[in-house]
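Here the structure is laid out as structure tokens; the discussion comes afterwards.
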Amino acid sequence: MPTTEEIHLVRRPNGVPAPADFALVEAPLADTEDGQVLVEALWMSVDPYMRPRLDADQPLNGPLLGGGIGRVVQSRNTKFPEGALVRHGAGFRKRFVSSGKGLAVLTPDPDLSLSVYLHALGGTGLTAYGGLLETGALKDGEQVFISTAAGAVGSVAAQIAKIKGCYVVGSTGSAEKAAWLRDELNLDAVINYKTEPLAERLAQVTPNGIDLYFENVGGGHLDAALPRMNVRGRIPVCGMISTYNGGGEGVRNLFALIYGRIRMEGFVASDFGHLSADFLREMTGWVKSGQLKYQETVLQGFGRAPEGLIGLFKGDNLGKMLIQISD
Ligand SMILES: NC(=O)c1ccc[n+]([C@@H]2O[C@H](COP(=O)([O-])OP(=O)(O)OC[C@H]3O[C@@H](n4cnc5c(N)ncnc54)[C@H](OP(=O)(O)O)[C@@H]3O)[C@@H](O)[C@H]2O)c1
């Protein structure tokens, strides 16, 4: 019987995941029946949201939940012809048989790389776009603070805010990332939260306060941002990565919400399906014109997915963390 490879969770992590929490497993691959297709994985996305799932939702000894881009290599379903590129959420499986449920044909722009559809033109890009413009109701020229500004979501959010004429401050965790934000993305101020006192620096570089804090980190970042918020400020809550491995710093400044009349609101990317057409049109234009730049940290080889996921919590990635499996 033909086989495939899968990445399984074999033990629930205690804190930051360890390589031994995962295993590369050879698994049987069923024949393709009528209505089904066989898909070969090309690129996989590793994302911070996967970590909280490892504590409960992710089945043990089953393929790691997640999504990517693949190619149809055998088809008995006319909607997905052989050779078609598809987005999928079928988990970390090198090859898999699908009924077509959860697959979407992808027709990439010939001038763009395929991988960009897993970040700037994919889920993380839409998250930044919708979180900033819809949940955050960003207005041109506002004062904006973005955490994990050199990551997949943060770097897109920071650049959209710059395109909208905003004053943009970003935080990040390394000198290399800070240099990219300052020198390439032209942020107005950058804070390396690992080497600089975050609250003091943020106060220095936001002389006109903050109208919108795009929250990706939680804990000390939220605590530093709250006292700087202007009246009627907004905090769209995209993520709180500092809490995903348990622990994290407590937040003491939430009282600032009261007199500041500040709105703090969570969202998930799937809330923004109705923005997809506008998002794809605008973002494709920005990427092709070079107005919106991106970086990728690509690990080659299916088996490196756990390393990629763990790396997100060590700050190993500049821009989007990706796993490339095949061309
Ligand atoms: N709501 C949604 O639908 C949605 C969708 C996608 C992502 N998100 C959220 O958006 C945030 C960013 O996700 P992403 O995919 O763009 O990941 P990312 O920013 O590309 O990668 C994660 C980055 O987080 C930073 N980080 C890790 N641990 C940290 C800690 N304890 N404190 C501060 N920073 C830490 C690291 O950057 P540094 O080197 O700069 O520290 C790391 O490179 C996450 O909170 C994620 O959960 C939400």
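Scheme for the structure tokens: letters A, B, ... for chains in order shown; per-chain residue numbers from 1; ligand numbers from 1 in order shown.
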Q: Enumerate, as a ChimeraX atom specification, the complete set of residues in region 25-75 of chain A that a backbone-based DSSP assignment places in alpha helix (DSSP H).
A: /A:50-53
*Go through region 49-221 of chain A and collect every residue that DSSP, computed from the backbone, puts in strand (DSSP E or B); the answer should be as a PyMOL selection string.*
chain A and resi 63+68-75+85-88+93+95-98+104-105+143-146+151+167-172+189-192+210-215
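The space separating CA of Gln300 (chain A) from CA of Phe279 (chain A) comes to 29.2 Å.
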Check: Between atom 16 (O, counted along the ligand's line) of ligand 1 and CA of Gly246 (chain A), what is the spacing in Å?
Finding: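 Separation of CA of Gly246 (chain A) and atom 16 (O, counted along the ligand's line) of ligand 1: 18.9 Å.
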Who sits within 9 Å of Thr243 (chain A), only C-alpha atoms, same chain under 3 positions skipped, as a PyMOL selection string:
chain A and resi 217-219+240+246-249
Discussion item. Give me, as a PyMOL selection string, the set of residues whose atoms come within 7 Å of any atom of ligand 1, counting only C-alpha atoms and all ligand atoms.
Written reply: chain A and resi 47-49+123-124+127+148-154+171-174+216-217+238-243+267-270+312-321
List as a Markdown table every residue of region 267-321 of chain A that is in contact with region 106-121 of chain A, defined as an atom at most 9 Å from one of its atoms (using only C-alpha atoms), together with the nearest atom pair and the distance in Å rounded to one decimal, sorted by chain and then rising number.
| residue | atom | partner | partner_atom | distance |
| --- | --- | --- | --- | --- |
| A:Phe279 | CA | A:Leu121 | CA | 8.1 |
| A:Leu280 | CA | A:Leu121 | CA | 6.5 |
| A:Met283 | CA | A:Leu121 | CA | 6.6 |
| A:Thr284 | CA | A:Leu121 | CA | 7.0 |
| A:Val287 | CA | A:Ala120 | CA | 8.0 |
| A:Lys288 | CA | A:Leu112 | CA | 7.6 |
| A:Leu292 | CA | A:Ala120 | CA | 8.7 |
| A:Lys293 | CA | A:Ala120 | CA | 8.9 |
| A:Tyr294 | CA | A:Ala120 | CA | 7.3 |
| A:Glu296 | CA | A:Ser115 | CA | 8.7 |
| A:Gly319 | CA | A:His119 | CA | 8.9 |
| A:Lys320 | CA | A:His119 | CA | 6.5 |
Can you write just those residues out, N, CA and C atoms, as a PDB file, in the first residue's frame?
ATOM      1  N   PHE A 279      -9.561  43.318  -0.360  1.00  0.00           N
ATOM      2  CA  PHE A 279      -8.240  42.992   0.185  1.00  0.00           C
ATOM      3  C   PHE A 279      -7.313  42.505  -0.924  1.00  0.00           C
ATOM      4  N   LEU A 280      -7.776  41.537  -1.706  1.00  0.00           N
ATOM      5  CA  LEU A 280      -6.907  40.951  -2.749  1.00  0.00           C
ATOM      6  C   LEU A 280      -6.518  41.992  -3.795  1.00  0.00           C
ATOM      7  N   MET A 283      -4.180  44.684  -1.928  1.00  0.00           N
ATOM      8  CA  MET A 283      -2.902  44.113  -1.476  1.00  0.00           C
ATOM      9  C   MET A 283      -2.052  43.676  -2.661  1.00  0.00           C
ATOM     10  N   THR A 284      -2.693  43.098  -3.694  1.00  0.00           N
ATOM     11  CA  THR A 284      -1.932  42.699  -4.882  1.00  0.00           C
ATOM     12  C   THR A 284      -1.271  43.939  -5.486  1.00  0.00           C
ATOM     13  N   VAL A 287       1.658  45.042  -3.232  1.00  0.00           N
ATOM     14  CA  VAL A 287       2.817  44.133  -3.300  1.00  0.00           C
ATOM     15  C   VAL A 287       3.521  44.296  -4.643  1.00  0.00           C
ATOM     16  N   LYS A 288       2.739  44.355  -5.726  1.00  0.00           N
ATOM     17  CA  LYS A 288       3.361  44.431  -7.066  1.00  0.00           C
ATOM     18  C   LYS A 288       4.076  45.763  -7.281  1.00  0.00           C
ATOM     19  N   LEU A 292       4.279  47.646  -0.570  1.00  0.00           N
ATOM     20  CA  LEU A 292       4.226  46.755   0.593  1.00  0.00           C
ATOM     21  C   LEU A 292       5.271  45.664   0.404  1.00  0.00           C
ATOM     22  N   LYS A 293       6.254  45.665   1.323  1.00  0.00           N
ATOM     23  CA  LYS A 293       7.362  44.706   1.219  1.00  0.00           C
ATOM     24  C   LYS A 293       7.121  43.541   2.183  1.00  0.00           C
ATOM     25  N   TYR A 294       7.789  42.444   1.910  1.00  0.00           N
ATOM     26  CA  TYR A 294       7.647  41.321   2.835  1.00  0.00           C
ATOM     27  C   TYR A 294       8.960  40.564   2.935  1.00  0.00           C
ATOM     28  N   GLU A 296      10.394  36.495   4.180  1.00  0.00           N
ATOM     29  CA  GLU A 296       9.999  35.126   4.498  1.00  0.00           C
ATOM     30  C   GLU A 296      11.180  34.433   5.176  1.00  0.00           C
ATOM     31  N   GLY A 319       9.557  38.260   9.180  1.00  0.00           N
ATOM     32  CA  GLY A 319       8.425  38.062   8.278  1.00  0.00           C
ATOM     33  C   GLY A 319       7.790  36.705   8.523  1.00  0.00           C
ATOM     34  N   LYS A 320       7.245  36.117   7.475  1.00  0.00           N
ATOM     35  CA  LYS A 320       6.445  34.894   7.626  1.00  0.00           C
ATOM     36  C   LYS A 320       7.308  33.641   7.730  1.00  0.00           C
TER      37      LYS A 320
END
Note to self: Could you list, as number ranges by chain, every residue within 9 Å of Asn245 (chain A), counting only C-alpha atoms and ignoring same-chain residues fewer than 6 positions away?
What the structure shows: A: 13-17, 51-52, 313
Write out the residues from the selection above, keeping N, CA and C atoms, as a CSV table (one decimal), in the first residue's frame.
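Dumped to result.csv:
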chain,number,residue,atom,x,y,z
A,13,PRO,N,2.6,19.7,24.9
A,13,PRO,CA,3.8,20.5,25.4
A,13,PRO,C,3.6,21.0,26.8
A,14,ASN,N,4.7,21.2,27.5
A,14,ASN,CA,4.7,21.8,28.8
A,14,ASN,C,5.5,23.1,28.5
A,15,GLY,N,4.8,24.3,28.4
A,15,GLY,CA,5.4,25.5,28.1
A,15,GLY,C,5.7,25.6,26.6
A,16,VAL,N,6.9,26.1,26.2
A,16,VAL,CA,7.3,26.2,24.8
A,16,VAL,C,7.4,24.8,24.3
A,17,PRO,N,6.8,24.4,23.1
A,17,PRO,CA,6.9,23.1,22.6
A,17,PRO,C,8.3,22.7,22.4
A,51,ARG,N,-0.3,26.9,18.6
A,51,ARG,CA,0.2,26.5,20.0
A,51,ARG,C,-0.9,26.3,21.0
A,52,PRO,N,-1.9,27.2,21.1
A,52,PRO,CA,-3.0,27.0,22.1
A,52,PRO,C,-3.7,25.7,21.8
A,313,PHE,N,8.2,31.1,18.7
A,313,PHE,CA,8.2,31.5,20.1
A,313,PHE,C,9.6,31.9,20.6
Of A:Arg12, A:Arg281, A:Arg228, A:Lys177, the one nearest to Asp57 (chain A) when counting only C-alpha atoms is A:Arg12
